[in-house]
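Below you'll find the structure, written out as structure tokens, and then a few comments.
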Amino acid sequence: MNWDAWIPLLVVAISLLLSLIIFSLAEDSVRLRTMLNLFGNFATLALVIWMFVRVYHGHVFETRLPLLADLDLVLRADPLALLFVGLSSGLWLLTTIYAIGYLKGSPNRSRFFGFFSLCVTATTGVALSGNLLSFLLFYELLTLSAYPLIVHHGTAKAYRAGQSYLAYTLCGGALLLLGTVWLYTLTDTLEFTPQGFIHGLNEESRFSLVSIFVLLIAGLGVKAALVPLHSWLPTAMVAPAPVSALLHAVAVVKAGAFGIVRVIYDVFGAERAALLGLTLPLALLAAVTIIYGSLRALFQDDLKRRLAFSTVSQVSYIVLGVAIAGPIATIGGLVHLVHQGLMKITLFFCAGNLAKTLGIHKVSEMNGVGRRMPWTMTAFTIGALGMIGIPPTAGFISKWYLGLGALEAGQEWVIIVLLSSSLLNAAYFLPALHRIWFQSPPDAWPDEHDIGNKETAWALLLPPVVTAVMAVTAGLLATAPFSPLEWVQLIAEREFYQP
Amino acid sequence: MNMMPSGGLLLLAVGWPLFLTLLLVFKRIRPVVLHLASWAALPALLASLLVAPSGMRWHLPWMMLGSELGLDTIGQMFLLPAALLWTVSGRYARAYFLKQEQRTRFYLFFLPAMGGNFALILAQELQGFYLGFTLMSFASYGLVIFNGTTAALLAGRVYIGFVVAGEVMLFASLILATYATGSTTFDVVRIGLIDADNREIVILLALAGFAIKVGVFGLHVWLPLAHPVAPAPASAVLSGAMLKAGLLGWLRLLPLGEVALPEWGGVIIVAGLTSAFYGVVIGVMQRDPKILLAYSSISQMGIITMTMGLGMLAPQAWPNILPGIAFYALHHGLSKGALFLGVGIAGSQDRLQRRWIWFALWLPALALAGAPWTSGMLVKHLVKAYTFYAPTPWNTLLLMLLLASTVATSLLMVRLLYLLRPSANPMGLAPAAGLVWPWVVLLLTILFAPWWLRPSSVQAGYMQALESLWPILLAYFVAMVVLRMGWFLSVQPVSADDLQLFLTRSVKSLCRMGINWAGIRYTVSEVQRRNRVRLINMVAVVMARIKWAEDYIACWDVAIFLVVVMILGMGLMA
């Protein structure tokens, strides 16, 4: 029997099973739940690492289950899929550890971890989907499974945020479905193919193609928080910190960005999309989002809100990179998928630590907090500097490739966007860093919890430190084997620009 | 030395200070690490003395996008004074801060800045350079605001603003250069830029970006604020070593000596001369010796900048000019470092002790003024020789301006020594042994090292010595006359935030004039207040609008409406 055909399914199934088991667990069986969670995490991670090694040597894993008449449910581990799976399974492990520490002693944890696993199932599925239909299924599952996490606190504010989230994402899903069906009527296939599967379509179908592209991008753009479809994201930051971390770095937002990559490269093909005149408007929209997000972040005092607007801005780097549609810019965009994830999850972990340990929610309350929580704040500093794009952090590598790629594609204006974004990022992160390290701390923190002599609980401290180290390593050792950059270059060589 | 150990030594020169920074985090071993930290620049110093300069490169393919370290002749001319200054300041700092808490905080910023400085000198490709430059600039923020006073915080704000602006310009310049030449290696980029399409914009951005660090007039605003407020050992490396990073950036990146850049050369010469004179004119009015020294740095770097401009006019002379520029940088770095460290220990209550320090300060001051048999004399003669590369009518003018600037620099040094005279109020710390010894080592280096390192083209005979004596005598004479007439005492110092202040003042007085002329009765503050309130209101209204719009589109019914509109819009497109 060929096991390889089942491994992608297994990766998705582990977390699905895990969530079902956790739902059935009693609220107070903490130890069992933790064990199960960690077991699931590690099993998935091991499988993913194994797939990485095999795929590197040219192997392809594919699960194909019949679903509709001509359409299968396809899970395929190509290099691009693995990039996203690797990110999500790695950060899932860290976020689970973090969430265990963060939610210690709070109610409804079985519900939380159940949906948490379900969310990861959906994300992995989105990543591994081998055709647009499978993608759509998992994408919708993600929409729904994230809702209970966003409203987890059960406050009126949380419900309002959840409502806004659902309205946006369900509408986005509807658009996506519409676009998919329309596309199917034209092409009779939805299989993701390198350089697109829209062959032999002539000038008459131009309008349909443009409309389909707009529908798909609008549907995905809701999750990727493209302006003007971004408003749900800053509102959704009422969710608990681990959820925000997952939402902003891995799951929902990234699923949208990843979908856009798939649509441009594996549905339309970059060249055809450019010929249809679709990539430039998308790049412009991304540029507007980058600047607008940063401008709004500048005026937020609430830390998580500021970070949320920063996400709006940073995720569009990915969209910008793929929309420029040159080989180097694509590398910049794709690698930012991982880099932004590492840096942003660090920042959200740190924000959560501040809230949980000292009751700090606002930037203006962060005076001198570096002395109280040096490790957390070092991680925060690395994340913030990475967002500005200062070497040797991962953000610099992304920015370098984006800029170089833009020049290569003859889009010099992108440089100005990148530079302004750097300036704006500096303008809203550096003053915060000054506060953290150089202002004197207040007499008492807003709401300090007693954790003994330590900075904060281990489960809260470890994840941000690990992700911060990864964010620096990804930049400093960008050309080492199996670094995100090297992997993305492999993707670009094998899939997008194969000779 | 053979290849492997020298490569290792170069890597150690950069890595050791950074590694110590990491070790500083662990509380238990901190006393030991602090001991080591004061010697952190030693590997770099050894490297600059033991590694023979060559075109050899040590590749670090795993680092960033592939780095290269190497020590060429120019690199050595920059590494040697930098390493010496960092070593001396590192030792000096140990005695300067007596409490462990203060020491830790100081070295926590001092060490990464040091590592960054060495990295940028040794990097042979532009990303490694940029990494070092960034590390150095950002870590120095902690040094600038170390004292935590209001002035330090203001200086820090201005400083970091300029740093970020510089970073952004450099990033653009480097990425454009990489795109144009298809390489990140300096040797390739420099040649490739000669006939690159976007050469002018790369040069513009590089000139402006590095000019901030060098402190060229107009972009110098941060410098007289930041250098004096830092603790003495930090000021010494800020002025002595870190300013040179911008200069080295120019030398590494620009296609100097490969192609004539007459327009840029002209701009650079004017900018350099403006800085040279501006620095001494404003500097001589200062009462705080450290601010005076900061202005002197602007002036001296201005002369170096001008020399580079000459090289842009006459590329054929570049092989001749380049060693001169490097030598000037070395001379200024060592002398300025010694002056800053000396000012830091002029705080003894004992007159005799102060007199000793004061006399010792004469050495770097005289060197800077270009007195006979000092490194200053050598550089003055070098630069004078270079002025002949300028086209005919201008070279005479340039020569005269240069002589004037020599006199002015001497005047500045007289003023400095006057301010620090033993009968004046003590400033800085009392000279403890730990502070004096590193300083004395530096002074001895100033005395002897230049003779060993000078470019072969420079002559140092009795004629040159005699020639370099008269500007100093003239300056002394002028100073005596002025002192006798009592002007010296009544000179009001221009505040260190000169340009900002000047601009605000002129705008204010223009407003006042305009208002008087129009016969409006508002007082100035009234008009200003109203305008300010109006502006704030406008911003607030705009922000409120945006917030309202966001809240509005956050409602679900609007979301659905948007979707419907989008579908309809697509229908209309048909």
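As shown in the structure tokens, the chain order sets the letters A, B, ...; within each chain, residues go from 1, and ligands are also counted from 1 in the order they appear.
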Chain A near chain B within 8 Å: what's each residue's closest atom pair and its distance in Å to one decimal, counting only C-alpha atoms, ordered by chain then ascending residue number, as a Markdown table?
```
| residue | atom | partner | partner_atom | distance |
| --- | --- | --- | --- | --- |
| A:Gln163 | CA | B:Trp556 | CA | 7.0 |
| A:Ser164 | CA | B:Trp556 | CA | 5.3 |
| A:Ala167 | CA | B:Trp556 | CA | 5.1 |
| A:Tyr168 | CA | B:Ala559 | CA | 6.0 |
| A:Cys171 | CA | B:Ile560 | CA | 6.7 |
| A:Phe207 | CA | B:Ala574 | CA | 7.0 |
| A:Ser211 | CA | B:Met570 | CA | 6.7 |
| A:Ser231 | CA | B:Ala554 | CA | 5.4 |
| A:Trp232 | CA | B:Ala554 | CA | 6.1 |
| A:Ile390 | CA | B:Thr134 | CA | 7.4 |
| A:Pro391 | CA | B:Leu131 | CA | 5.5 |
| A:Pro392 | CA | B:Leu131 | CA | 6.5 |
| A:Ile397 | CA | B:Met64 | CA | 7.8 |
| A:Trp400 | CA | B:Ile175 | CA | 7.2 |
| A:Gly403 | CA | B:Ile175 | CA | 7.0 |
| A:Leu404 | CA | B:Tyr179 | CA | 6.2 |
| A:Leu407 | CA | B:Tyr179 | CA | 6.9 |
| A:Glu408 | CA | B:Tyr179 | CA | 7.2 |
| A:Ile415 | CA | B:Ala172 | CA | 7.2 |
| A:Leu419 | CA | B:Val168 | CA | 6.1 |
| A:Ser422 | CA | B:Val168 | CA | 7.5 |
| A:Leu423 | CA | B:Val164 | CA | 7.2 |
| A:Ala426 | CA | B:Val164 | CA | 7.5 |
| A:Gly475 | CA | B:Met64 | CA | 5.9 |
| A:Leu476 | CA | B:Met64 | CA | 4.7 |
| A:Leu477 | CA | B:Met63 | CA | 4.8 |
| A:Ala478 | CA | B:Met64 | CA | 4.9 |
| A:Thr479 | CA | B:Trp62 | CA | 5.0 |
| A:Ala480 | CA | B:Trp62 | CA | 5.0 |
```
Next on the checklist: Would you pick out the contacts of stretch 186-193 of chain A at 7 Å or less, using only C-alpha atoms, so that residues sharing its chain but fewer than 2 positions from it are not included, and give the list as a list in words?
Outcome noted: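 Using only C-alpha atoms, the neighbours found are Gly130, Asn131, Leu132, Leu133, Trp182, Leu183, Tyr184, Gln195, Gly196, Phe197, Ile198, Asp266 and Val267 of chain A.
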So that I have them on file, write out the residues from the current selection with C-alpha atoms, as a PDB file, in the first residue's frame.
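Contents of the output file out_1.pdb:
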```pdb
ATOM      1  CA  GLY A 130      -4.775  21.034  -4.848  1.00  0.00           C
ATOM      2  CA  ASN A 131      -7.742  22.610  -6.563  1.00  0.00           C
ATOM      3  CA  LEU A 132      -9.956  25.615  -6.128  1.00  0.00           C
ATOM      4  CA  LEU A 133     -12.901  23.594  -4.839  1.00  0.00           C
ATOM      5  CA  TRP A 182     -18.105  30.915 -13.120  1.00  0.00           C
ATOM      6  CA  LEU A 183     -14.556  29.813 -13.724  1.00  0.00           C
ATOM      7  CA  TYR A 184     -15.601  26.158 -13.778  1.00  0.00           C
ATOM      8  CA  GLN A 195       1.440  28.923 -14.736  1.00  0.00           C
ATOM      9  CA  GLY A 196      -2.319  28.631 -14.588  1.00  0.00           C
ATOM     10  CA  PHE A 197      -4.963  26.419 -16.122  1.00  0.00           C
ATOM     11  CA  ILE A 198      -6.714  28.971 -18.282  1.00  0.00           C
ATOM     12  CA  ASP A 266      -1.789  28.637 -10.227  1.00  0.00           C
ATOM     13  CA  VAL A 267      -5.164  29.699 -11.577  1.00  0.00           C
TER      14      VAL A 267
END
```
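Summary of the local environment: counting only C-alpha atoms, residues at most 9 Å from stretch 383-385 of chain A, other than itself and those fewer than 6 positions away along its chain, are Leu342, Met343, Lys344, Ile345, Thr346, Leu347, Pro391, Thr393, Gly395, Asn425, Ala426, Phe429, Leu430, Leu433, Thr467, Ala468, Ala471 and Val472 of chain A.
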Quick one: write out the picked residues with C-alpha atoms as a CSV table (one decimal), in the first residue's frame?
```csv
chain,number,residue,atom,x,y,z
A,342,LEU,CA,7.2,35.2,12.6
A,343,MET,CA,7.5,38.9,13.5
A,344,LYS,CA,3.8,39.6,14.0
A,345,ILE,CA,3.2,36.6,16.1
A,346,THR,CA,6.1,37.7,18.3
A,347,LEU,CA,4.5,41.2,18.7
A,391,PRO,CA,18.8,44.3,9.0
A,393,THR,CA,15.9,40.8,10.8
A,395,GLY,CA,11.8,42.0,7.4
A,425,ASN,CA,6.6,51.9,10.7
A,426,ALA,CA,9.6,53.7,12.4
A,429,PHE,CA,7.3,51.6,16.6
A,430,LEU,CA,10.4,53.6,17.6
A,433,LEU,CA,10.6,51.3,22.0
A,467,THR,CA,9.6,33.3,17.5
A,468,ALA,CA,11.9,36.4,18.0
A,471,ALA,CA,12.7,36.1,13.1
A,472,VAL,CA,16.3,37.1,13.4
```
Checklist entry - Could you name the residues that touch B:Leu69 at 6 Å or less, counting only C-alpha atoms, but leaving out those on the same chain fewer than 3 positions away, as number ranges by chain? => result B: 57-58, 122-124
Kindly export the residues of the current selection with C-alpha atoms, as a compact mmCIF listing (two decimals), in the first residue's frame.
```
# COMPACT_ATOMS: atom_id res chain seq x y z
CA ARG B 57 38.06 38.01 0.71
CA TRP B 58 36.56 35.68 3.26
CA LEU B 122 35.49 45.08 7.05
CA ALA B 123 32.43 44.37 4.90
CA GLN B 124 33.26 44.20 1.22
```
Item to check | Near-stretch 300-312 of chain A list (6 Å; only C-alpha atoms; drop same-chain fewer than 3 positions) as a list in words | outcome: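 The filter keeps Ala225, Pro234, Gly293, Ser294, Ala297, Val315, His361, Lys362 and Val363 of chain A.
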Item to check | Selected residue of minimal separation from B:Val440 among B:Ala408, B:Ile536, B:Leu453, B:Leu363, counting only C-alpha atoms | outcome: B:Leu363
Next on the checklist: Report, in Å with one decimal, the straight-line distance from atom CA of B:Val144 to atom CA of B:Arg105.
Outcome noted: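 That distance, rounded to one decimal, is 12.4 Å.
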Checklist entry - How would you write, as a list in words, the set of residues in stretch 59-273 of chain A that DSSP gives as strand (DSSP E or B)? => result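 Filtering stretch 59-273 of chain A down to strand (DSSP E or B) leaves Phe61, Glu62, Thr63, Arg64, Leu65, Pro66, Asp72, Leu73, Val74, Leu75, Arg76, Ala77, Ser129, Asn131 and Glu191 of chain A.
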Item to check | Shell of 7 Å around B:Thr387, only C-alpha atoms, local chain residues under 4 positions omitted, as a ChimeraX atom specification | outcome: /B:383,395,398-399
Item to check | Close residues, A:Met373 itself excluded, 10 Å, only C-alpha atoms, min 2 positions apart in chain, as a PyMOL selection string | outcome: chain A and resi 350+353-354+357-358+368-371+375-378+436+454-456+461
